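Asks: Got a file for you: my_file.cif, mmCIF, C-alpha atoms, pLDDT in the B column; chains and numbers go by the auth columns.
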```cif
data_model
#
loop_
_atom_site.group_PDB
_atom_site.id
_atom_site.type_symbol
_atom_site.label_atom_id
_atom_site.label_comp_id
_atom_site.label_asym_id
_atom_site.label_seq_id
_atom_site.Cartn_x
_atom_site.Cartn_y
_atom_site.Cartn_z
_atom_site.B_iso_or_equiv
_atom_site.auth_seq_id
_atom_site.auth_asym_id
ATOM 1 C CA MET A 1 82.738 51.997 97.677 46.00 1 A
ATOM 2 C CA VAL A 2 82.931 48.822 95.562 48.00 2 A
ATOM 3 C CA VAL A 3 79.566 49.693 94.009 52.00 3 A
ATOM 4 C CA MET A 4 80.853 53.178 93.173 51.00 4 A
ATOM 5 C CA GLU A 5 83.950 51.691 91.520 53.00 5 A
ATOM 6 C CA ILE A 6 81.846 49.296 89.461 51.00 6 A
ATOM 7 C CA MET A 7 79.529 52.146 88.438 51.00 7 A
ATOM 8 C CA TYR A 8 82.538 54.240 87.416 50.00 8 A
ATOM 9 C CA SER A 9 84.017 51.348 85.400 48.00 9 A
ATOM 10 C CA VAL A 10 80.700 50.825 83.647 46.00 10 A
ATOM 11 C CA THR A 11 80.542 54.531 82.864 49.00 11 A
ATOM 12 C CA VAL A 12 84.035 54.431 81.382 48.00 12 A
ATOM 13 C CA ILE A 13 83.249 51.358 79.285 48.00 13 A
ATOM 14 C CA VAL A 14 79.985 52.884 78.054 47.00 14 A
ATOM 15 C CA SER A 15 81.795 56.110 77.217 50.00 15 A
ATOM 16 C CA ILE A 16 84.440 54.300 75.240 50.00 16 A
ATOM 17 C CA ALA A 17 81.805 52.309 73.422 48.00 17 A
ATOM 18 C CA ILE A 18 79.968 55.492 72.497 51.00 18 A
ATOM 19 C CA ILE A 19 82.972 57.588 71.633 52.00 19 A
ATOM 20 C CA ALA A 20 84.875 55.017 69.551 49.00 20 A
ATOM 21 C CA PRO A 21 82.679 55.193 66.419 47.00 21 A
ATOM 22 C CA MET A 22 82.846 58.992 66.504 50.00 22 A
ATOM 23 C CA ILE A 23 86.388 58.786 65.122 49.00 23 A
ATOM 24 C CA PHE A 24 84.869 57.976 61.736 52.00 24 A
ATOM 25 C CA MET A 25 82.051 60.503 61.903 53.00 25 A
ATOM 26 C CA GLY A 26 83.981 63.791 62.113 50.00 26 A
ATOM 27 C CA THR A 27 84.319 66.311 59.330 68.00 27 A
ATOM 28 C CA THR A 28 88.087 66.212 59.451 78.00 28 A
ATOM 29 C CA THR A 29 90.813 63.889 60.662 83.00 29 A
ATOM 30 C CA ILE A 30 93.550 64.759 63.092 82.00 30 A
ATOM 31 C CA SER A 31 96.388 62.567 64.202 87.00 31 A
ATOM 32 C CA ILE A 32 97.012 62.178 67.922 88.00 32 A
ATOM 33 C CA SER A 33 99.107 59.751 69.923 88.00 33 A
ATOM 34 C CA ASP A 34 97.488 56.736 71.492 89.00 34 A
ATOM 35 C CA ASP A 35 98.402 58.057 74.923 87.00 35 A
ATOM 36 C CA LEU A 36 96.630 61.376 74.273 89.00 36 A
ATOM 37 C CA ARG A 37 93.594 59.544 72.873 91.00 37 A
ATOM 38 C CA LYS A 38 93.375 57.543 76.111 90.00 38 A
ATOM 39 C CA GLN A 39 93.549 60.755 78.146 87.00 39 A
ATOM 40 C CA LEU A 40 90.782 62.306 76.038 92.00 40 A
ATOM 41 C CA LEU A 41 88.655 59.224 76.638 92.00 41 A
ATOM 42 C CA LYS A 42 89.090 59.637 80.369 89.00 42 A
ATOM 43 C CA VAL A 43 87.918 63.256 80.137 87.00 43 A
ATOM 44 C CA ALA A 44 84.992 62.109 77.983 90.00 44 A
ATOM 45 C CA ALA A 45 84.021 59.605 80.672 90.00 45 A
ATOM 46 C CA GLU A 46 84.179 62.339 83.315 85.00 46 A
ATOM 47 C CA LEU A 47 82.056 64.657 81.180 83.00 47 A
ATOM 48 C CA GLN A 48 79.540 61.909 80.550 86.00 48 A
ATOM 49 C CA ALA A 49 79.349 61.015 84.240 83.00 49 A
ATOM 50 C CA LYS A 50 78.621 64.653 84.991 74.00 50 A
ATOM 51 C CA THR A 51 76.097 65.432 82.303 75.00 51 A
ATOM 52 C CA GLY A 52 74.552 62.005 81.774 80.00 52 A
ATOM 53 C CA GLU A 53 74.846 62.642 78.038 81.00 53 A
ATOM 54 C CA LYS A 54 77.243 61.042 75.627 86.00 54 A
ATOM 55 C CA ALA A 55 80.417 63.021 75.045 86.00 55 A
ATOM 56 C CA ASP A 56 82.420 62.802 71.858 86.00 56 A
ATOM 57 C CA TYR A 57 85.902 64.100 71.057 87.00 57 A
ATOM 58 C CA ASP A 58 84.391 67.385 69.872 83.00 58 A
ATOM 59 C CA ASP A 59 82.766 67.917 73.294 84.00 59 A
ATOM 60 C CA VAL A 60 85.999 67.021 75.065 88.00 60 A
ATOM 61 C CA VAL A 61 88.163 69.391 73.049 86.00 61 A
ATOM 62 C CA ARG A 62 85.600 72.208 73.398 78.00 62 A
ATOM 63 C CA TYR A 63 85.478 71.629 77.147 78.00 63 A
ATOM 64 C CA LEU A 64 89.265 71.679 77.458 80.00 64 A
ATOM 65 C CA LEU A 65 89.528 74.805 75.284 76.00 65 A
ATOM 66 C CA SER A 66 86.946 76.569 77.455 68.00 66 A
ATOM 67 C CA ARG A 67 89.213 75.934 80.413 68.00 67 A
ATOM 68 C CA VAL A 68 92.205 77.344 78.570 69.00 68 A
ATOM 69 C CA ALA A 69 90.310 80.434 77.435 82.00 69 A
ATOM 70 C CA ARG A 70 90.234 81.987 80.879 88.00 70 A
ATOM 71 C CA ASP A 71 90.473 85.748 81.049 92.00 71 A
ATOM 72 C CA GLU A 72 92.510 86.849 84.040 92.00 72 A
ATOM 73 C CA GLN A 73 91.814 90.551 83.477 95.00 73 A
ATOM 74 C CA LEU A 74 88.056 90.003 83.489 95.00 74 A
ATOM 75 C CA LEU A 75 88.254 88.109 86.786 95.00 75 A
ATOM 76 C CA LYS A 76 90.385 90.880 88.324 95.00 76 A
ATOM 77 C CA GLN A 77 87.930 93.536 87.104 96.00 77 A
ATOM 78 C CA ALA A 78 84.963 91.545 88.411 97.00 78 A
ATOM 79 C CA CYS A 79 86.592 91.191 91.825 96.00 79 A
ATOM 80 C CA ALA A 80 87.888 94.755 92.114 95.00 80 A
ATOM 81 C CA PRO A 81 87.483 95.809 95.770 95.00 81 A
ATOM 82 C CA VAL A 82 84.474 97.947 96.681 94.00 82 A
ATOM 83 C CA ASN A 83 84.216 99.729 100.005 93.00 83 A
ATOM 84 C CA VAL A 84 81.168 98.019 101.491 92.00 84 A
ATOM 85 C CA ASP A 85 81.073 96.842 105.074 91.00 85 A
ATOM 86 C CA LEU A 86 81.130 93.049 105.372 89.00 86 A
ATOM 87 C CA SER A 87 78.278 93.070 107.897 91.00 87 A
ATOM 88 C CA ARG A 88 76.057 94.868 105.322 93.00 88 A
ATOM 89 C CA VAL A 89 76.845 92.169 102.772 92.00 89 A
ATOM 90 C CA ARG A 90 75.755 89.423 105.145 91.00 90 A
ATOM 91 C CA THR A 91 72.689 91.336 106.288 94.00 91 A
ATOM 92 C CA GLU A 92 71.504 91.824 102.686 93.00 92 A
ATOM 93 C CA LEU A 93 71.914 88.144 101.823 93.00 93 A
ATOM 94 C CA ARG A 94 70.220 87.095 105.057 92.00 94 A
ATOM 95 C CA LYS A 95 67.352 89.545 104.375 93.00 95 A
ATOM 96 C CA GLY A 96 66.968 88.384 100.784 93.00 96 A
ATOM 97 C CA ARG A 97 66.829 84.741 101.793 91.00 97 A
ATOM 98 C CA ALA A 98 64.347 85.479 104.556 90.00 98 A
ATOM 99 C CA GLU A 99 62.095 87.107 101.916 89.00 99 A
ATOM 100 C CA ASP A 100 62.089 83.820 100.019 81.00 100 A
ATOM 101 C CA LYS A 101 60.928 81.769 102.989 71.00 101 A
ATOM 102 C CA MET B 1 83.425 69.035 86.084 39.00 1 B
ATOM 103 C CA ARG B 2 84.201 66.318 88.566 40.00 2 B
ATOM 104 C CA HIS B 3 87.809 65.855 89.617 38.00 3 B
ATOM 105 C CA LEU B 4 89.740 66.179 86.389 41.00 4 B
ATOM 106 C CA ASN B 5 92.702 66.945 88.556 47.00 5 B
ATOM 107 C CA ALA B 6 92.171 65.112 91.804 47.00 6 B
ATOM 108 C CA SER B 7 94.878 67.074 93.604 54.00 7 B
ATOM 109 C CA THR B 8 93.104 70.431 93.120 76.00 8 B
ATOM 110 C CA PRO B 9 90.357 71.065 95.679 88.00 9 B
ATOM 111 C CA SER B 10 87.043 71.776 94.015 91.00 10 B
ATOM 112 C CA PHE B 11 84.357 73.982 95.575 95.00 11 B
ATOM 113 C CA SER B 12 80.736 74.786 94.962 96.00 12 B
ATOM 114 C CA PHE B 13 80.485 78.511 95.724 96.00 13 B
ATOM 115 C CA ASP B 14 77.418 79.705 97.609 97.00 14 B
ATOM 116 C CA SER B 15 75.922 83.111 96.719 97.00 15 B
ATOM 117 C CA GLY B 16 77.531 84.692 99.799 95.00 16 B
ATOM 118 C CA VAL B 17 80.971 83.572 98.644 96.00 17 B
ATOM 119 C CA LEU B 18 80.314 85.003 95.175 97.00 18 B
ATOM 120 C CA VAL B 19 79.211 88.362 96.625 96.00 19 B
ATOM 121 C CA GLU B 20 82.185 88.619 98.967 95.00 20 B
ATOM 122 C CA MET B 21 84.573 87.698 96.155 95.00 21 B
ATOM 123 C CA LEU B 22 82.981 90.177 93.741 96.00 22 B
ATOM 124 C CA LEU B 23 83.342 92.927 96.356 96.00 23 B
ATOM 125 C CA GLY B 24 87.008 92.034 96.813 94.00 24 B
ATOM 126 C CA LYS B 25 86.533 90.824 100.387 90.00 25 B
ATOM 127 C CA ILE B 26 87.940 87.403 99.552 84.00 26 B
ATOM 128 C CA VAL B 27 90.957 87.392 97.290 75.00 27 B
ATOM 129 C CA SER B 28 90.488 85.671 93.967 83.00 28 B
ATOM 130 C CA GLY B 29 94.146 84.536 94.026 86.00 29 B
ATOM 131 C CA PRO B 30 93.460 80.815 94.555 87.00 30 B
ATOM 132 C CA LEU B 31 91.289 80.824 91.410 89.00 31 B
ATOM 133 C CA LEU B 32 93.847 82.778 89.385 86.00 32 B
ATOM 134 C CA GLU B 33 96.622 80.476 90.530 83.00 33 B
ATOM 135 C CA SER B 34 94.446 77.389 89.931 78.00 34 B
ATOM 136 C CA THR B 35 95.117 76.137 93.456 85.00 35 B
ATOM 137 C CA ILE B 36 91.359 75.588 93.675 89.00 36 B
ATOM 138 C CA THR B 37 88.630 75.078 91.102 88.00 37 B
ATOM 139 C CA ALA B 38 85.182 76.545 91.592 94.00 38 B
ATOM 140 C CA ASN B 39 81.729 76.033 90.249 94.00 39 B
ATOM 141 C CA THR B 40 78.360 77.559 90.914 97.00 40 B
ATOM 142 C CA CYS B 41 74.970 77.650 89.212 96.00 41 B
ATOM 143 C CA TYR B 42 72.721 80.348 87.735 95.00 42 B
ATOM 144 C CA PHE B 43 70.475 80.326 90.799 96.00 43 B
ATOM 145 C CA ASN B 44 73.394 81.341 93.052 97.00 44 B
ATOM 146 C CA LEU B 45 74.600 83.856 90.462 97.00 45 B
ATOM 147 C CA SER B 46 71.160 85.428 90.367 97.00 46 B
ATOM 148 C CA GLU B 47 71.101 85.661 94.152 97.00 47 B
ATOM 149 C CA ALA B 48 74.592 87.194 94.184 97.00 48 B
ATOM 150 C CA GLU B 49 73.567 89.743 91.556 98.00 49 B
ATOM 151 C CA TYR B 50 70.467 90.995 93.376 97.00 50 B
ATOM 152 C CA VAL B 51 72.435 91.334 96.636 97.00 51 B
ATOM 153 C CA LEU B 52 75.121 93.309 94.792 97.00 52 B
ATOM 154 C CA CYS B 53 72.390 95.387 93.158 97.00 53 B
ATOM 155 C CA ARG B 54 71.015 96.322 96.589 96.00 54 B
ATOM 156 C CA LEU B 55 74.503 97.093 97.918 96.00 55 B
ATOM 157 C CA LEU B 56 75.845 98.959 94.881 96.00 56 B
ATOM 158 C CA ASP B 57 73.597 99.602 91.905 96.00 57 B
ATOM 159 C CA ARG B 58 72.097 97.731 88.979 97.00 58 B
ATOM 160 C CA THR B 59 74.866 98.610 86.489 97.00 59 B
ATOM 161 C CA GLN B 60 77.777 97.679 88.750 97.00 60 B
ATOM 162 C CA ALA B 61 76.102 94.450 89.844 97.00 61 B
ATOM 163 C CA ARG B 62 75.422 93.418 86.223 98.00 62 B
ATOM 164 C CA SER B 63 78.938 94.307 85.144 98.00 63 B
ATOM 165 C CA LYS B 64 80.636 92.381 87.949 98.00 64 B
ATOM 166 C CA VAL B 65 78.612 89.207 87.477 98.00 65 B
ATOM 167 C CA ASP B 66 78.925 89.368 83.692 97.00 66 B
ATOM 168 C CA LYS B 67 82.713 89.713 83.922 97.00 67 B
ATOM 169 C CA LEU B 68 82.941 86.843 86.372 96.00 68 B
ATOM 170 C CA VAL B 69 80.975 84.570 84.029 95.00 69 B
ATOM 171 C CA ARG B 70 82.927 85.661 80.937 93.00 70 B
ATOM 172 C CA SER B 71 86.264 85.146 82.710 94.00 71 B
ATOM 173 C CA ASN B 72 85.576 81.383 82.622 91.00 72 B
ATOM 174 C CA TYR B 73 87.221 80.938 86.017 93.00 73 B
ATOM 175 C CA ILE B 74 84.056 79.480 87.513 94.00 74 B
ATOM 176 C CA SER B 75 82.261 76.530 85.952 91.00 75 B
ATOM 177 C CA LEU B 76 78.512 76.856 85.764 93.00 76 B
ATOM 178 C CA THR B 77 76.439 73.781 86.455 92.00 77 B
ATOM 179 C CA ASP B 78 73.193 73.658 84.525 88.00 78 B
ATOM 180 C CA VAL B 79 70.250 74.214 86.892 88.00 79 B
ATOM 181 C CA ALA B 80 68.483 71.367 85.055 88.00 80 B
ATOM 182 C CA GLU B 81 71.002 69.006 86.641 87.00 81 B
ATOM 183 C CA LEU B 82 70.382 70.394 90.112 94.00 82 B
ATOM 184 C CA TYR B 83 66.749 71.285 90.578 95.00 83 B
ATOM 185 C CA ALA B 84 65.531 67.867 91.705 96.00 84 B
ATOM 186 C CA ASN B 85 68.390 67.486 94.186 96.00 85 B
ATOM 187 C CA ALA B 86 67.862 71.022 95.483 96.00 86 B
ATOM 188 C CA ALA B 87 64.136 70.337 95.876 97.00 87 B
ATOM 189 C CA GLU B 88 64.836 67.147 97.803 96.00 88 B
ATOM 190 C CA ILE B 89 67.140 69.009 100.211 96.00 89 B
ATOM 191 C CA LYS B 90 64.620 71.839 100.608 96.00 90 B
ATOM 192 C CA CYS B 91 61.854 69.305 101.280 96.00 91 B
ATOM 193 C CA GLU B 92 63.796 67.672 104.111 95.00 92 B
ATOM 194 C CA ARG B 93 65.639 70.656 105.581 94.00 93 B
ATOM 195 C CA SER B 94 64.810 74.092 106.864 93.00 94 B
ATOM 196 C CA LEU B 95 67.193 75.959 104.547 94.00 95 B
ATOM 197 C CA ALA B 96 66.968 78.772 102.019 93.00 96 B
ATOM 198 C CA LEU B 97 66.630 77.518 98.450 95.00 97 B
ATOM 199 C CA GLY B 98 69.968 79.161 97.566 95.00 98 B
ATOM 200 C CA GLU B 99 71.712 77.066 100.209 96.00 99 B
ATOM 201 C CA CYS B 100 69.992 73.960 98.844 96.00 100 B
ATOM 202 C CA TYR B 101 71.305 74.714 95.344 97.00 101 B
ATOM 203 C CA THR B 102 74.848 75.132 96.688 97.00 102 B
ATOM 204 C CA ILE B 103 74.680 71.764 98.449 97.00 103 B
ATOM 205 C CA ALA B 104 73.047 70.084 95.436 97.00 104 B
ATOM 206 C CA ASN B 105 75.760 71.510 93.206 96.00 105 B
ATOM 207 C CA ALA B 106 78.464 70.142 95.519 96.00 106 B
ATOM 208 C CA LYS B 107 76.782 66.753 95.398 95.00 107 B
ATOM 209 C CA VAL B 108 76.429 66.660 91.620 93.00 108 B
ATOM 210 C CA THR B 109 79.946 67.937 90.907 92.00 109 B
ATOM 211 C CA GLY B 110 81.653 65.980 93.676 92.00 110 B
ATOM 212 C CA SER B 111 82.973 69.184 95.217 94.00 111 B
ATOM 213 C CA THR B 112 82.900 70.816 98.651 95.00 112 B
ATOM 214 C CA ALA B 113 80.057 73.249 99.378 96.00 113 B
ATOM 215 C CA LEU B 114 81.635 76.574 100.345 96.00 114 B
ATOM 216 C CA PHE B 115 79.674 79.118 102.384 95.00 115 B
ATOM 217 C CA ALA B 116 80.750 82.600 103.421 93.00 116 B
ATOM 218 C CA PHE B 117 79.476 82.327 106.954 88.00 117 B
ATOM 219 C CA GLN B 118 77.733 79.866 109.208 86.00 118 B
ATOM 220 C CA GLU B 119 74.064 80.794 109.280 84.00 119 B
ATOM 221 C CA GLU B 120 71.963 79.546 112.170 86.00 120 B
ATOM 222 C CA ASP B 121 69.706 77.487 109.898 89.00 121 B
ATOM 223 C CA LEU B 122 72.664 75.764 108.252 91.00 122 B
ATOM 224 C CA LYS B 123 74.402 75.202 111.585 90.00 123 B
ATOM 225 C CA SER B 124 71.249 73.736 113.088 92.00 124 B
ATOM 226 C CA GLU B 125 70.676 71.418 110.107 93.00 125 B
ATOM 227 C CA MET B 126 74.306 70.260 110.218 93.00 126 B
ATOM 228 C CA GLU B 127 73.892 69.391 113.886 93.00 127 B
ATOM 229 C CA LYS B 128 70.557 67.668 113.345 93.00 128 B
ATOM 230 C CA LYS B 129 71.780 65.426 110.559 93.00 129 B
ATOM 231 C CA PRO B 130 75.126 65.676 108.734 93.00 130 B
ATOM 232 C CA PHE B 131 74.971 66.396 105.001 94.00 131 B
ATOM 233 C CA ASP B 132 76.286 63.829 102.573 93.00 132 B
ATOM 234 C CA VAL B 133 78.638 66.438 101.101 95.00 133 B
ATOM 235 C CA LYS B 134 81.571 68.216 102.695 95.00 134 B
ATOM 236 C CA ILE B 135 80.772 71.751 103.847 95.00 135 B
ATOM 237 C CA GLN B 136 83.349 74.441 104.505 94.00 136 B
ATOM 238 C CA PHE B 137 83.378 78.150 105.237 91.00 137 B
ATOM 239 C CA THR B 138 85.482 80.893 103.703 86.00 138 B
ATOM 240 C CA GLU B 139 87.871 81.031 106.628 73.00 139 B
ATOM 241 C CA ILE B 140 89.926 78.675 104.448 64.00 140 B
ATOM 242 C CA LEU B 141 90.395 81.431 101.841 66.00 141 B
ATOM 243 C CA PRO B 142 92.610 84.479 102.310 64.00 142 B
ATOM 244 C CA ARG B 143 90.801 87.774 102.954 67.00 143 B
ATOM 245 C CA THR B 144 91.762 91.264 101.912 64.00 144 B
ATOM 246 C CA GLY B 145 92.301 94.016 104.446 56.00 145 B
ATOM 247 C CA SER B 146 89.263 96.022 103.367 45.00 146 B
ATOM 248 C CA PRO B 147 86.372 96.330 105.814 45.00 147 B
#
```
Could you spell out this file's structure in C-alpha cells?

Replies:
Amino acid sequence: MVVMEIMYSVTVIVSIAIIAPMIFMGTTTISISDDLRKQLLKVAAELQAKTGEKADYDDVVRYLLSRVARDEQLLKQACAPVNVDLSRVRTELRKGRAEDK
Amino acid sequence: MRHLNASTPSFSFDSGVLVEMLLGKIVSGPLLESTITANTCYFNLSEAEYVLCRLLDRTQARSKVDKLVRSNYISLTDVAELYANAAEIKCERSLALGECYTIANAKVTGSTALFAFQEEDLKSEMEKKPFDVKIQFTEILPRTGSP
C-alpha cells in the first residue's frame, strides 16, 4: 500500500514536471484559475498513469471534452431491445469461445 | 481512465455484457445516468459483434456496435496496453482469450471485471486461485422484462 502511494506520488510529480513547461509551448494562451489548473494537473497525472505517456493540457482538455460529447440517442439506439432468447445469446458466446480454444 | 471520480463504480465489460446490453437485455440506464462508468477493448467489441452477427445479421450487428462506440459512453482501452497482461493470464489460466482481455482491462484500468454469467471455466479458475482484480456478474445491473 505504502509502495503504491509512493509510486502514485512519483507519477504525480513526474507529470507536473512534464506538463509545466507545456504552458509556454501552446499556440494560444488561455487564462484559468490556479484551482482549475491544479485539477487539470491531477487529471493529467491520471491519464499519464494509465497510458504511460506524458499528458499535456491539450490531452487533458481533449479527454474531458470526449467525456462531455456523449450521445445519449446513439446509446439508446444501440441498446434498442431485440427479441432474442437470453439462452441463445449465452450459447452463441460459449460456442464462439470454444471455437477459439 | 482510472478513478477520476472515485465514488462512481467503474467496470470492465466482458463481451457477454456488451451483447446482452446491445440486445436490450440489460438496461443501459446506469451508463446514461452516470451511476457507473464502463470500459472495454476492441477485442471484446469484436467478440460481441460476431456473436450479434450470428444472432441477428451482419448489418444490425455492425450498426449496434458502431453506435455504441460513437456514443462515447464506453471508454475503449487500447489493446496495445492489454495484450501482454491478457497473454500472461491466458498462459496461467484455462480461460478463453476474451475473458483474459476483460480481466486484463480491469487490472489496467483499476476497474471491476463484469461478466454476464458465471462460466464453468471462470468459476473453476476463481476457486483454484483468486484473481487480483474484483470480478462481478450482471446480477448487479437491472434487467429488462424481455426474454

Asks: Report as a compact mmCIF listing (two decimals) with C-alpha atoms, in the frame of the given file all protein, DNA and RNA residues lying within 12 Å of B:Lys123, evaluated on only C-alpha atoms, omitting residues in the same chain fewer than 4 positions from it.

Replies:
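Generated output (selection10.txt):
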```txt
# COMPACT_ATOMS: atom_id res chain seq x y z
CA ARG B 93 65.64 70.66 105.58
CA SER B 94 64.81 74.09 106.86
CA LEU B 95 67.19 75.96 104.55
CA GLU B 99 71.71 77.07 100.21
CA PHE B 115 79.67 79.12 102.38
CA PHE B 117 79.48 82.33 106.95
CA GLN B 118 77.73 79.87 109.21
CA GLU B 119 74.06 80.79 109.28
CA GLU B 127 73.89 69.39 113.89
CA LYS B 128 70.56 67.67 113.34
CA LYS B 129 71.78 65.43 110.56
CA PRO B 130 75.13 65.68 108.73
CA PHE B 131 74.97 66.40 105.00
CA ILE B 135 80.77 71.75 103.85
CA GLN B 136 83.35 74.44 104.50
CA PHE B 137 83.38 78.15 105.24
```

Asks: Compile the residues of chain A that lie within 6 Å of chain B, evaluated using all atoms listed in the file, and express the compilation as a PyMOL selection string.

Replies: chain A and resi 70-71+74-75+78-82+85+97

Asks: I'd like the interatomic distance between atom CA of B:Asp57 and atom CA of B:Asn39, to a tenth of an Å.

Replies: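 Calculated distance between atom CA of B:Asp57 and atom CA of B:Asn39 is 25.0 Å.
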
Asks: Of the candidates B:Ala104, B:Cys91, B:Ala84, B:Val17, which shows the shortest atom-to-atom distance to B:Glu49, using all atoms listed in the file?

Replies: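 With all atoms listed in the file as the atom set, the closest residue is B:Val17.
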
Asks: What's around A:Gln39 at 12 Å? Count all atoms listed in the file, leave out sequence neighbours fewer than 3 positions away in its own chain, and write the answer as a PyMOL selection string.

Replies: (chain A and resi 12+16+32-36+42-46+57+60-61+64) or (chain B and resi 4)

Asks: Restricting the calculation to only C-alpha atoms, which member of B:Glu120, B:Glu125, B:Asp132, B:Glu139 is positioned closest to A:Arg94?

Replies: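 The shortest atom-to-atom distance to A:Arg94 comes from B:Glu120.
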
Asks: Using atom CA of B:Ser46 and atom CA of A:Glu99 as the two end points, give the distance in Å to one decimal.

Replies: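 Between atom CA of B:Ser46 and atom CA of A:Glu99 the gap is 14.8 Å.
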
Asks: Excluding B:Asn105 and its own-chain neighbours fewer than 5 positions away, which residues fall within 8 Å of it when counting all atoms listed in the file? Please give them as a list in words.

Replies: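 Once the nearby chain positions are removed, what remains is Ser12, Thr40, Cys41, Thr77, Leu82, Ser111 and Ala113 of chain B.
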
Asks: Record the distance separating atom CA of A:Asp58 and atom CA of A:Arg37, expressed in Å with one decimal.

Replies: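 Taking atom CA of A:Asp58 as the start and atom CA of A:Arg37 as the end point, the length is 12.5 Å.
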